[in-house]
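Remarks on the structure that follows.
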Amino acid sequence: MTYHPTIHKTYEEAVLYPKIFQIKENLYAASFFLMKLLPAKFILDNARREGRIRPGNTVAETTSGTFGLALAMLCNHYGYKCILVSDPVLDPLLKNRIESLGAVVDIVKEPAVVGGYQRTRLDRLKQHLRENRESFWPMQYQNQNNPSSYSILAEYLSTVLGRIDCLIGTVGSGGSMCGTSLFLRKVNPDMKVIGIDTTNSILFGQPDGKRLVRGLGNSIMPDILDHTVFDEVHWLTAAETFAATREIHKRHGLFVGATSGAAYQVAKHWSSRHPDMTTVFICPDEGYRYLDNVFHDPWLSSMGLSLCDLPLEPVVATSPDIDMKQWTMIHWNRRTLEQVQTPNPIGAEVVVA
Amino acid sequence: MQKFSLPLVMDGHRHQNERNRSRSKVPRPNIGIGVAMGHHGEVLQGGVDHGEGVKRFLVTLPWPSIKSRAKFFPLQNSDIVTEPEWKLKSRKAAMLTMLFLGIENHGGFLEVTSDATLELGLGSSTSDVVATIRAVAAAFNEELHSHEISEIAVMAEFASDSIMYEEQAVVFCQREGVVLEALENRLPPAFVIGFNTSPNGAGISTVEFPLPAYDWQELGSFRPLLGAIRAAVRMQSVHLLGKVATASSKINQRFLPKPNFDALLDLLGDSGACGLQVAHSGSVAGYMFDSNDSDLAKKISITKRGLSNIGINDVWYFNTVWETQ
C-alpha cells in the first residue's frame with residue numbers, strides 16, 4: 001500500500017478532487033464530496049484574477065442546489081458576501097447549512113405566470129445585482145468557465161487511470177459532462193460519452209414536467225450544454241434512480257446521492273457489455289442530503305414509489321418525445337438536439353455501439 | 001574574457017557552489033570530454049496555468065543513438081576558440097560553465113562534433129551545449145547536476161530541451177530551464193520512424209519561434225495530456241504515450257503547421273502506429289511504435305510506403321532506449 005501523507009491548508013482544497021473507487025475490473029467511480037466546488041472555485045478564482053471581484057464584494061446567483069453550497073463555502077473563506085436566490089423546493093437542511101456559512105438565502109414565494117419559478121428567481125437575482133453595486137454573478141449555466149473548470153478533473157482522471165474509454169454521468173447544467181469529455185477526448189478522441197437525464201426534463205427533448213429526482217435534469221436549456229458530445233443518452237425514472245442509489249450503497253459501500261445512483265445504474269450495464277473498455281462514472285455528491293428521502297422507506301411510500309427490481313436493459317427509443325415508463329435510451333451519436341428531434345428519414349443512421 | 005554577471009536565479013546555486021567546491025584548487029590542464037544525447041522533437045509541448053500565468057513546458061523525445069561530443073582543453077589567460085567556429089552557443093556555454101564553477105582567467109580550445117545534421121531540420125544546439133558543459137566541468141574535475149546543467153544551458157541558448165535529464169523523463173520549462181515536474185521513470189521505450197516533414201526545411205530556431213498564444217481550450221487540454229503522460233510513464237505504456245504525442249502534434253498545427261498533416265494523420269490510422277510526434281519548433285516528425293509488437297515489421301513497411309506516397313522518401317529508425325553512461 002502506498003501512503004501519501006498530505007496536510008491540506010484549506011477544506012475546499014482537501015475535497016476538490018474525487019476519490020476513485022474500483023467497482024469491478026473495468027469500472028471506476030469518481031466520487032466527489034461536492035463536485036460543484038470545482039466550477040465554483042474556478043469561476044471565482046478567475047473573476048478575482050481578472051479584477052472583477054475583491055473581498056467585500058457580493059456574489060449573487062440563482063440556485064436551489066449544491067452550486068449554492070459551494071459558493072457559500074468559498075465566499076465565506078474568500079471574504080465575499082453571498083446572496084443565493086432560490087424557491088420553496090430548496091432542501092431545508094441545505095438551507096441551514098448555507099445560512100450557517102453566512103450566506104443570505106432569498107426564497108421567492110410565487111412562480112411567474114410565464115416562466116415559473118425560474119423567471120421569478122432570475123428577476124429577483126437581477127434586483128440584488130442592481131442593489132449591490134460591486135457584485136458578481138457566476139452564471140453557472142452560461143459561463144464557459146464552468147465546463148472549462150473540468151480540465152482539472154480530466155487531468156486527475158488521466159493521471160490515475162491513464163486511457164479512459166467511456167465516461168458516464170448525469171446532466172444538469174452540462175458543465176461536468178461536456179467539460180470533462182471535451183478535455184478527456186484530447187487524449188482519446190474515441191472515448192464514449194453517456195449522459196443521463198431524468199424523465200420530464202427538457203435537456204434532451206423530454207416534455208417538461210414535475211420531477212422527483214434532484215441534481216440532474218432541467219426545465220430551462222443551459223447555454224453551455226453541448227448535445228453533440230454524447231454517444232448515448234439515458235433517462236431513468238425516480239424509482240429506478242432511487243433503487244440504484246440504495247444498491248450502490250448496499251453492494252459497494254458508496255454512500256452517494258441520487259445522481260450518482262443513476263450514473264451507477266447505466267455504468268453497470270455499459271461496463272458489463274464492454275469488458276475491455278475502461279469506464280468511469282461520476283458521483284457528484286455524498287448521500288447525507290438524501291437520508292430522509294431516498295434512504296427513507298416511509299418517504300418513498302408517501303411518494304407512491306416502491307424499490308422494485310431494476311430493469312436489466314433500457315428500452316431503446318429513437319425519439320425523446322415519448323412517455324417514458326421505464327429506463328430508456330437513445331443512440332444519440334453526437335447529434336444536436338434538433339437532429340435527434342427531426343431525424344432525416346432517408347439518411348437516418350442507426351449506429352449501435 | 002568577456003564579463004558576465006550571473007542572473008539572480010543562479011545566486012542560490014552559486015553560493016552553494018562556493019561552499020561545496022574548492023575554488024582554490026588549481027586546475028591541471030586536463031582535457032575534459034563531454035557527451036550528450038540528441039532528441040527528436042517532443043512528445044508533448046504546451047502550457048499550463050496554475051494561477052500565476054501560463055507556464056510553458058515540454059517533454060522531449062530522446063534520440064539516444066544521435067550524440068554530441070565535446071572536448072575542452074583549458075588554458076590560462078586565453079580566449080575560447082571553438083571548432084567549428086560558428087558554434088557560438090557552445091562557446092557561450094563554456095564561458096558560463098567556468099563562471100558557474102568560479103574558474104577565473106581561463107579560456108581554451110573547444111571542439112564540438114555532432115551526429116545530428118542540419119539537413120534533418122533538427123537543431124543539435126542543446127546537445128552541443130550540454131556536451132560542452134559536461135566537457136568543461138570535466139576539465140576542472142567537476143561534475144554538475146542535471147538541474148545545474150539545464151540552468152547554464154538556458155542561459156546559453158534562451159530555450160532548451162531536457163536531454164540533460166537522463167535518469168528519468170521530466171516536464172521541463174524550456175524558457176526557464178527548470179523542471180516543472182519529474183516523472184516517475186523514463187518514457188516507455190518506443191521504436192520510432194523519423195522523417196522530415198518539409199524536405200528542404202532546415203528547422204526553425206527555438207528562439208525565433210514566437211510563443212504560441214494558447215486559447216482556453218488548448219490550455220485546458222494540456223492538463224489531461226500531462227495526466228496521461230504521468231500514467232504512460234508509470235504504466236510504461238507506449239500506446240498511451242503515443243496518444244499524448246498525437247494530441248500535442250494536433251494542437252501545435254495551429255502554431256507551426258506541418259505540411260501534409262492530414263495525410264500524416266491518415267497514415268497514423270492505417271499504419272497502426274501508437275502515435276505521431278513532431279518537433280514543435282522544428283520540422284521533423286516521427287511515428288512511434290511498440291517495439292514488442294509482433295506485427296512491427298509489417299507496420300514499418302506500411303508506414304514507409306505511405307510516407308513515400310506523400311513524397312517523403314528519406315526516413316530513419318531508432319529506439320528510445322539507452323544505457324546510463
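The chains in the C-alpha cells are called A, B, ... from first to last as shown; in each chain the residues are counted from 1, and the ligands are counted from 1 in the order shown.
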
Practice item. Find the residues in chain A near chain B: any atom within 9 Å counts, using only C-alpha atoms. Write them as a PyMOL selection string. Key: chain A and resi 45-46+49+148-163+182-188

Would you save the residues of that selection, restricted to N, CA, C and O atoms, as an mmCIF file, in the first residue's frame?
data_model
loop_
_atom_site.group_PDB
_atom_site.id
_atom_site.type_symbol
_atom_site.label_atom_id
_atom_site.label_comp_id
_atom_site.auth_asym_id
_atom_site.auth_seq_id
_atom_site.Cartn_x
_atom_site.Cartn_y
_atom_site.Cartn_z
ATOM 1 N N ASP A 45 -12.062 32.133 -8.791
ATOM 2 C CA ASP A 45 -10.624 32.402 -8.902
ATOM 3 C C ASP A 45 -10.329 33.240 -10.143
ATOM 4 O O ASP A 45 -9.530 34.181 -10.101
ATOM 5 N N ASN A 46 -10.970 32.867 -11.258
ATOM 6 C CA ASN A 46 -10.747 33.629 -12.494
ATOM 7 C C ASN A 46 -11.259 35.055 -12.373
ATOM 8 O O ASN A 46 -10.616 35.996 -12.837
ATOM 9 N N ARG A 49 -8.813 37.032 -10.370
ATOM 10 C CA ARG A 49 -7.607 37.317 -11.142
ATOM 11 C C ARG A 49 -7.846 38.415 -12.178
ATOM 12 O O ARG A 49 -6.961 39.190 -12.481
ATOM 13 N N SER A 148 -15.008 24.654 -18.526
ATOM 14 C CA SER A 148 -13.557 24.795 -18.555
ATOM 15 C C SER A 148 -12.900 24.276 -17.277
ATOM 16 O O SER A 148 -11.810 23.717 -17.308
ATOM 17 N N SER A 149 -13.584 24.446 -16.151
ATOM 18 C CA SER A 149 -13.003 24.030 -14.863
ATOM 19 C C SER A 149 -12.760 22.526 -14.817
ATOM 20 O O SER A 149 -11.934 22.051 -14.046
ATOM 21 N N TYR A 150 -13.476 21.777 -15.647
ATOM 22 C CA TYR A 150 -13.367 20.322 -15.577
ATOM 23 C C TYR A 150 -12.109 19.777 -16.243
ATOM 24 O O TYR A 150 -11.893 18.563 -16.254
ATOM 25 N N SER A 151 -11.259 20.676 -16.786
ATOM 26 C CA SER A 151 -9.953 20.202 -17.240
ATOM 27 C C SER A 151 -9.166 19.690 -16.032
ATOM 28 O O SER A 151 -8.315 18.815 -16.159
ATOM 29 N N ILE A 152 -9.485 20.228 -14.866
ATOM 30 C CA ILE A 152 -8.824 19.796 -13.628
ATOM 31 C C ILE A 152 -9.222 18.355 -13.297
ATOM 32 O O ILE A 152 -8.386 17.528 -12.934
ATOM 33 N N LEU A 153 -10.505 18.049 -13.480
ATOM 34 C CA LEU A 153 -10.962 16.664 -13.278
ATOM 35 C C LEU A 153 -10.367 15.754 -14.344
ATOM 36 O O LEU A 153 -9.914 14.639 -14.038
ATOM 37 N N ALA A 154 -10.323 16.237 -15.594
ATOM 38 C CA ALA A 154 -9.774 15.418 -16.684
ATOM 39 C C ALA A 154 -8.308 15.081 -16.402
ATOM 40 O O ALA A 154 -7.866 13.956 -16.636
ATOM 41 N N GLU A 155 -7.557 16.044 -15.870
ATOM 42 C CA GLU A 155 -6.154 15.788 -15.537
ATOM 43 C C GLU A 155 -6.056 14.735 -14.432
ATOM 44 O O GLU A 155 -5.248 13.812 -14.501
ATOM 45 N N TYR A 156 -6.924 14.865 -13.439
ATOM 46 C CA TYR A 156 -6.874 13.925 -12.312
ATOM 47 C C TYR A 156 -7.202 12.505 -12.774
ATOM 48 O O TYR A 156 -6.487 11.548 -12.456
ATOM 49 N N LEU A 157 -8.283 12.373 -13.550
ATOM 50 C CA LEU A 157 -8.687 11.046 -14.021
ATOM 51 C C LEU A 157 -7.612 10.436 -14.916
ATOM 52 O O LEU A 157 -7.310 9.244 -14.810
ATOM 53 N N SER A 158 -7.018 11.254 -15.787
ATOM 54 C CA SER A 158 -5.963 10.740 -16.674
ATOM 55 C C SER A 158 -4.746 10.299 -15.878
ATOM 56 O O SER A 158 -4.136 9.279 -16.185
ATOM 57 N N THR A 159 -4.402 11.074 -14.867
ATOM 58 C CA THR A 159 -3.232 10.725 -14.058
ATOM 59 C C THR A 159 -3.444 9.388 -13.366
ATOM 60 O O THR A 159 -2.564 8.537 -13.344
ATOM 61 N N VAL A 160 -4.646 9.200 -12.811
ATOM 62 C CA VAL A 160 -4.897 7.994 -12.021
ATOM 63 C C VAL A 160 -5.155 6.788 -12.921
ATOM 64 O O VAL A 160 -4.673 5.691 -12.652
ATOM 65 N N LEU A 161 -5.907 6.977 -14.004
ATOM 66 C CA LEU A 161 -6.385 5.827 -14.776
ATOM 67 C C LEU A 161 -5.757 5.679 -16.150
ATOM 68 O O LEU A 161 -5.924 4.649 -16.797
ATOM 69 N N GLY A 162 -5.047 6.692 -16.627
ATOM 70 C CA GLY A 162 -4.489 6.602 -17.975
ATOM 71 C C GLY A 162 -5.566 6.785 -19.024
ATOM 72 O O GLY A 162 -6.340 7.734 -18.951
ATOM 73 N N ARG A 163 -5.631 5.849 -19.966
ATOM 74 C CA ARG A 163 -6.624 5.998 -21.032
ATOM 75 C C ARG A 163 -8.012 5.641 -20.523
ATOM 76 O O ARG A 163 -8.206 4.616 -19.873
ATOM 77 N N LEU A 182 -14.854 16.969 -23.260
ATOM 78 C CA LEU A 182 -14.074 17.779 -24.205
ATOM 79 C C LEU A 182 -12.577 17.570 -23.966
ATOM 80 O O LEU A 182 -11.799 17.341 -24.895
ATOM 81 N N PHE A 183 -12.175 17.635 -22.690
ATOM 82 C CA PHE A 183 -10.745 17.562 -22.399
ATOM 83 C C PHE A 183 -10.210 16.121 -22.435
ATOM 84 O O PHE A 183 -9.116 15.881 -22.924
ATOM 85 N N LEU A 184 -10.998 15.157 -21.941
ATOM 86 C CA LEU A 184 -10.512 13.771 -21.981
ATOM 87 C C LEU A 184 -10.391 13.266 -23.413
ATOM 88 O O LEU A 184 -9.555 12.426 -23.722
ATOM 89 N N ARG A 185 -11.231 13.785 -24.300
ATOM 90 C CA ARG A 185 -11.158 13.332 -25.693
ATOM 91 C C ARG A 185 -9.919 13.861 -26.413
ATOM 92 O O ARG A 185 -9.618 13.423 -27.508
ATOM 93 N N LYS A 186 -9.205 14.810 -25.815
ATOM 94 C CA LYS A 186 -7.938 15.209 -26.409
ATOM 95 C C LYS A 186 -6.959 14.047 -26.315
ATOM 96 O O LYS A 186 -6.137 13.850 -27.190
ATOM 97 N N VAL A 187 -7.039 13.289 -25.220
ATOM 98 C CA VAL A 187 -6.173 12.122 -25.071
ATOM 99 C C VAL A 187 -6.719 10.969 -25.914
ATOM 100 O O VAL A 187 -5.993 10.330 -26.659
ATOM 101 N N ASN A 188 -7.996 10.688 -25.789
ATOM 102 C CA ASN A 188 -8.614 9.571 -26.504
ATOM 103 C C ASN A 188 -9.866 10.056 -27.235
ATOM 104 O O ASN A 188 -10.962 10.068 -26.670
#

Exercise for review: Find the spatial neighbours of Asp161 in chain B, counting only C-alpha atoms, within a cut-off of 9 Å - ignore same-chain residues fewer than 5 positions away - and output them as a list in words.
Suggested key: His39, Gly41, Glu42, Leu58, Val59, Thr60, Thr126, Ser127, Ser150, Val154, Phe172, Cys173, Gln174 and Gly177 of chain B

**Study point:** Picked from range 284-338 of chain A by DSSP as alpha helix (DSSP H), as a ChimeraX atom specification
**Key:** /A:297-302,337-338

May I have the selected residues written with N, CA, C and O atoms, as a PDB file, in the first residue's frame?
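What landed in again_1.pdb:
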ATOM      1  N   ASP A 297     -37.618   4.728   3.778  1.00  0.00           N
ATOM      2  CA  ASP A 297     -38.717   3.969   3.159  1.00  0.00           C
ATOM      3  C   ASP A 297     -40.081   4.649   3.296  1.00  0.00           C
ATOM      4  O   ASP A 297     -40.850   4.676   2.335  1.00  0.00           O
ATOM      5  N   PRO A 298     -40.444   5.186   4.487  1.00  0.00           N
ATOM      6  CA  PRO A 298     -41.756   5.838   4.583  1.00  0.00           C
ATOM      7  C   PRO A 298     -41.903   7.001   3.591  1.00  0.00           C
ATOM      8  O   PRO A 298     -42.987   7.217   3.043  1.00  0.00           O
ATOM      9  N   TRP A 299     -40.818   7.734   3.359  1.00  0.00           N
ATOM     10  CA  TRP A 299     -40.902   8.832   2.379  1.00  0.00           C
ATOM     11  C   TRP A 299     -41.179   8.270   0.991  1.00  0.00           C
ATOM     12  O   TRP A 299     -42.017   8.771   0.251  1.00  0.00           O
ATOM     13  N   LEU A 300     -40.448   7.204   0.638  1.00  0.00           N
ATOM     14  CA  LEU A 300     -40.651   6.588  -0.677  1.00  0.00           C
ATOM     15  C   LEU A 300     -42.111   6.153  -0.831  1.00  0.00           C
ATOM     16  O   LEU A 300     -42.751   6.416  -1.845  1.00  0.00           O
ATOM     17  N   SER A 301     -42.665   5.515   0.239  1.00  0.00           N
ATOM     18  CA  SER A 301     -44.067   5.073   0.181  1.00  0.00           C
ATOM     19  C   SER A 301     -44.995   6.273   0.014  1.00  0.00           C
ATOM     20  O   SER A 301     -45.944   6.237  -0.774  1.00  0.00           O
ATOM     21  N   SER A 302     -44.683   7.356   0.753  1.00  0.00           N
ATOM     22  CA  SER A 302     -45.548   8.531   0.678  1.00  0.00           C
ATOM     23  C   SER A 302     -45.536   9.136  -0.723  1.00  0.00           C
ATOM     24  O   SER A 302     -46.457   9.827  -1.123  1.00  0.00           O
ATOM     25  N   LEU A 337     -29.614  18.441 -30.649  1.00  0.00           N
ATOM     26  CA  LEU A 337     -30.977  18.132 -30.212  1.00  0.00           C
ATOM     27  C   LEU A 337     -31.935  18.189 -31.404  1.00  0.00           C
ATOM     28  O   LEU A 337     -32.807  17.336 -31.558  1.00  0.00           O
ATOM     29  N   GLU A 338     -31.743  19.186 -32.263  1.00  0.00           N
ATOM     30  CA  GLU A 338     -32.626  19.329 -33.427  1.00  0.00           C
ATOM     31  C   GLU A 338     -32.518  18.109 -34.339  1.00  0.00           C
ATOM     32  O   GLU A 338     -33.523  17.600 -34.836  1.00  0.00           O
TER      33      GLU A 338
END

Review point. What residues in range 190-277 of chain B get the DSSP label strand (DSSP E or B)? Please answer as a PyMOL selection string.
Key: chain B and resi 191-196+275-277

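With CA of Ala112 in chain A on one side and CA of Val171 in chain A on the other, the separation reads 25.4 Å.
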
Exercise for review: Name all residues at most 9 Å from Lys299 in chain B (count only C-alpha atoms; drop same-chain ones fewer than 6 positions away) and give them as number ranges by chain.
Suggested key: B: 270-273, 289

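Put simply, CA of Ala156 in chain B is 16.5 Å away from CA of Gly34 in chain B.
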
Review point. Leaving out range 245-261 of chain A and any residue of its chain fewer than 6 positions from it, which residues lie within 10 Å of it when counting only C-alpha atoms, given as a ChimeraX atom specification?
Key: /A:21-23,29-33,169-172,196-198,213-217,238-239,267,281-291,294-295,307,310

Would you output that residue set with N, CA, C and O atoms, as a short mmCIF file (atom, residue, chain, number, x, y, z; two decimals), in the first residue's frame?
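Written output follows (out-v7.cif):
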data_model
loop_
_atom_site.label_atom_id
_atom_site.label_comp_id
_atom_site.auth_asym_id
_atom_site.auth_seq_id
_atom_site.Cartn_x
_atom_site.Cartn_y
_atom_site.Cartn_z
N PHE A 21 -12.89 4.88 -6.89
CA PHE A 21 -13.17 3.52 -6.41
C PHE A 21 -13.25 2.58 -7.60
O PHE A 21 -13.90 2.88 -8.60
N GLN A 22 -12.59 1.43 -7.44
CA GLN A 22 -12.74 0.42 -8.49
C GLN A 22 -13.92 -0.47 -8.12
O GLN A 22 -13.90 -1.20 -7.14
N ILE A 23 -14.98 -0.38 -8.93
CA ILE A 23 -16.20 -1.13 -8.66
C ILE A 23 -16.05 -2.57 -9.16
O ILE A 23 -16.45 -3.52 -8.50
N ALA A 29 -15.63 4.41 -10.10
CA ALA A 29 -16.47 5.53 -9.68
C ALA A 29 -15.56 6.68 -9.28
O ALA A 29 -14.60 6.49 -8.53
N ALA A 30 -15.84 7.88 -9.80
CA ALA A 30 -15.12 9.09 -9.37
C ALA A 30 -16.07 9.80 -8.42
O ALA A 30 -17.02 10.45 -8.84
N SER A 31 -15.82 9.64 -7.11
CA SER A 31 -16.81 10.06 -6.12
C SER A 31 -16.40 11.35 -5.42
O SER A 31 -15.40 11.40 -4.71
N PHE A 32 -17.20 12.38 -5.64
CA PHE A 32 -16.92 13.70 -5.07
C PHE A 32 -17.62 13.87 -3.73
O PHE A 32 -18.72 13.36 -3.51
N PHE A 33 -16.99 14.67 -2.90
CA PHE A 33 -17.66 15.20 -1.72
C PHE A 33 -18.69 16.24 -2.18
O PHE A 33 -19.86 16.20 -1.80
N GLY A 169 -22.17 10.02 -16.82
CA GLY A 169 -22.59 10.90 -15.73
C GLY A 169 -23.90 11.59 -16.04
O GLY A 169 -24.36 11.61 -17.19
N THR A 170 -24.46 12.19 -15.01
CA THR A 170 -25.75 12.86 -15.17
C THR A 170 -25.54 14.29 -15.67
O THR A 170 -24.45 14.86 -15.54
N VAL A 171 -26.59 14.86 -16.23
CA VAL A 171 -26.52 16.19 -16.81
C VAL A 171 -27.54 17.10 -16.13
O VAL A 171 -28.72 16.75 -16.01
N GLY A 172 -27.05 18.25 -15.65
CA GLY A 172 -27.94 19.25 -15.06
C GLY A 172 -27.71 20.58 -15.76
O GLY A 172 -28.57 21.15 -16.40
N ILE A 196 -26.88 11.11 -18.70
CA ILE A 196 -28.10 10.60 -18.07
C ILE A 196 -28.97 11.77 -17.64
O ILE A 196 -28.50 12.71 -16.99
N ASP A 197 -30.22 11.68 -18.02
CA ASP A 197 -31.20 12.70 -17.68
C ASP A 197 -32.30 11.98 -16.89
O ASP A 197 -32.29 10.76 -16.74
N THR A 198 -33.24 12.75 -16.40
CA THR A 198 -34.37 12.15 -15.73
C THR A 198 -35.62 12.45 -16.56
O THR A 198 -35.64 13.43 -17.31
N VAL A 213 -36.51 13.63 -8.83
CA VAL A 213 -35.07 13.46 -8.59
C VAL A 213 -34.39 14.82 -8.73
O VAL A 213 -34.56 15.51 -9.72
N ARG A 214 -33.63 15.19 -7.70
CA ARG A 214 -32.93 16.47 -7.70
C ARG A 214 -31.50 16.26 -8.19
O ARG A 214 -30.95 15.18 -8.08
N GLY A 215 -30.92 17.33 -8.71
CA GLY A 215 -29.49 17.29 -9.04
C GLY A 215 -29.19 16.95 -10.48
O GLY A 215 -28.04 16.98 -10.90
N LEU A 216 -30.19 16.57 -11.26
CA LEU A 216 -29.99 16.38 -12.69
C LEU A 216 -31.26 16.85 -13.38
O LEU A 216 -32.28 17.11 -12.73
N GLY A 217 -31.22 16.95 -14.69
CA GLY A 217 -32.38 17.44 -15.43
C GLY A 217 -32.55 18.93 -15.26
O GLY A 217 -31.87 19.57 -14.45
N ALA A 238 -37.73 8.02 -11.38
CA ALA A 238 -37.35 8.28 -9.98
C ALA A 238 -37.14 6.97 -9.23
O ALA A 238 -36.14 6.80 -8.52
N ALA A 239 -38.07 6.02 -9.39
CA ALA A 239 -37.96 4.76 -8.64
C ALA A 239 -36.68 4.03 -9.01
O ALA A 239 -35.97 3.51 -8.13
N ALA A 267 -23.78 2.77 -15.78
CA ALA A 267 -22.38 2.36 -15.87
C ALA A 267 -22.23 0.84 -15.69
O ALA A 267 -21.42 0.20 -16.37
N PHE A 281 -17.60 6.47 -14.03
CA PHE A 281 -18.82 7.26 -13.84
C PHE A 281 -18.63 8.23 -12.69
O PHE A 281 -17.85 8.01 -11.78
N ILE A 282 -19.35 9.36 -12.80
CA ILE A 282 -19.15 10.46 -11.86
C ILE A 282 -20.23 10.44 -10.79
O ILE A 282 -21.42 10.35 -11.09
N CYS A 283 -19.78 10.50 -9.54
CA CYS A 283 -20.70 10.61 -8.41
C CYS A 283 -20.55 12.04 -7.85
O CYS A 283 -19.55 12.35 -7.21
N PRO A 284 -21.52 12.91 -8.10
CA PRO A 284 -21.31 14.34 -7.80
C PRO A 284 -21.41 14.72 -6.33
O PRO A 284 -20.88 15.77 -5.95
N ASP A 285 -22.12 13.96 -5.51
CA ASP A 285 -22.16 14.35 -4.09
C ASP A 285 -22.38 13.14 -3.19
O ASP A 285 -22.54 12.01 -3.65
N GLU A 286 -22.35 13.39 -1.89
CA GLU A 286 -22.50 12.33 -0.90
C GLU A 286 -23.97 12.09 -0.57
O GLU A 286 -24.84 12.84 -1.01
N GLY A 287 -24.24 11.10 0.24
CA GLY A 287 -25.62 10.68 0.46
C GLY A 287 -26.38 11.40 1.57
O GLY A 287 -27.58 11.20 1.72
N TYR A 288 -25.68 12.27 2.34
CA TYR A 288 -26.33 12.83 3.54
C TYR A 288 -27.64 13.59 3.24
O TYR A 288 -28.58 13.51 4.01
N ARG A 289 -27.66 14.31 2.13
CA ARG A 289 -28.85 15.09 1.80
C ARG A 289 -30.05 14.19 1.50
O ARG A 289 -31.18 14.67 1.41
N TYR A 290 -29.80 12.91 1.31
CA TYR A 290 -30.85 12.01 0.85
C TYR A 290 -31.31 11.04 1.94
O TYR A 290 -32.10 10.15 1.70
N LEU A 291 -30.81 11.25 3.17
CA LEU A 291 -31.13 10.32 4.25
C LEU A 291 -32.62 10.31 4.57
O LEU A 291 -33.17 9.25 4.89
N VAL A 294 -34.47 9.54 -0.17
CA VAL A 294 -34.10 8.34 -0.92
C VAL A 294 -33.81 7.15 0.01
O VAL A 294 -34.17 6.00 -0.29
N PHE A 295 -33.20 7.43 1.16
CA PHE A 295 -32.84 6.36 2.08
C PHE A 295 -33.91 6.12 3.15
O PHE A 295 -33.66 5.43 4.14
N LEU A 307 -39.27 0.29 -4.27
CA LEU A 307 -37.96 -0.03 -4.84
C LEU A 307 -38.03 -1.39 -5.52
O LEU A 307 -37.58 -2.40 -5.01
N LEU A 310 -34.63 -3.52 -10.48
CA LEU A 310 -34.25 -2.66 -11.60
C LEU A 310 -34.30 -3.44 -12.91
O LEU A 310 -33.94 -4.61 -12.94
#

Exercise for review: With a distance cut-off of 9 Å and only C-alpha atoms, select the neighbouring residues of Arg121 in chain A, excluding the residue or stretch itself and same-chain residues fewer than 2 positions from it, and output the selection as a PyMOL selection string.
Suggested key: chain A and resi 62-63+85-87+107-108+111+116-119+123-126

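Relative to CA of Glu184 in chain B, CA of Asn26 in chain A is found at 24.3 Å.
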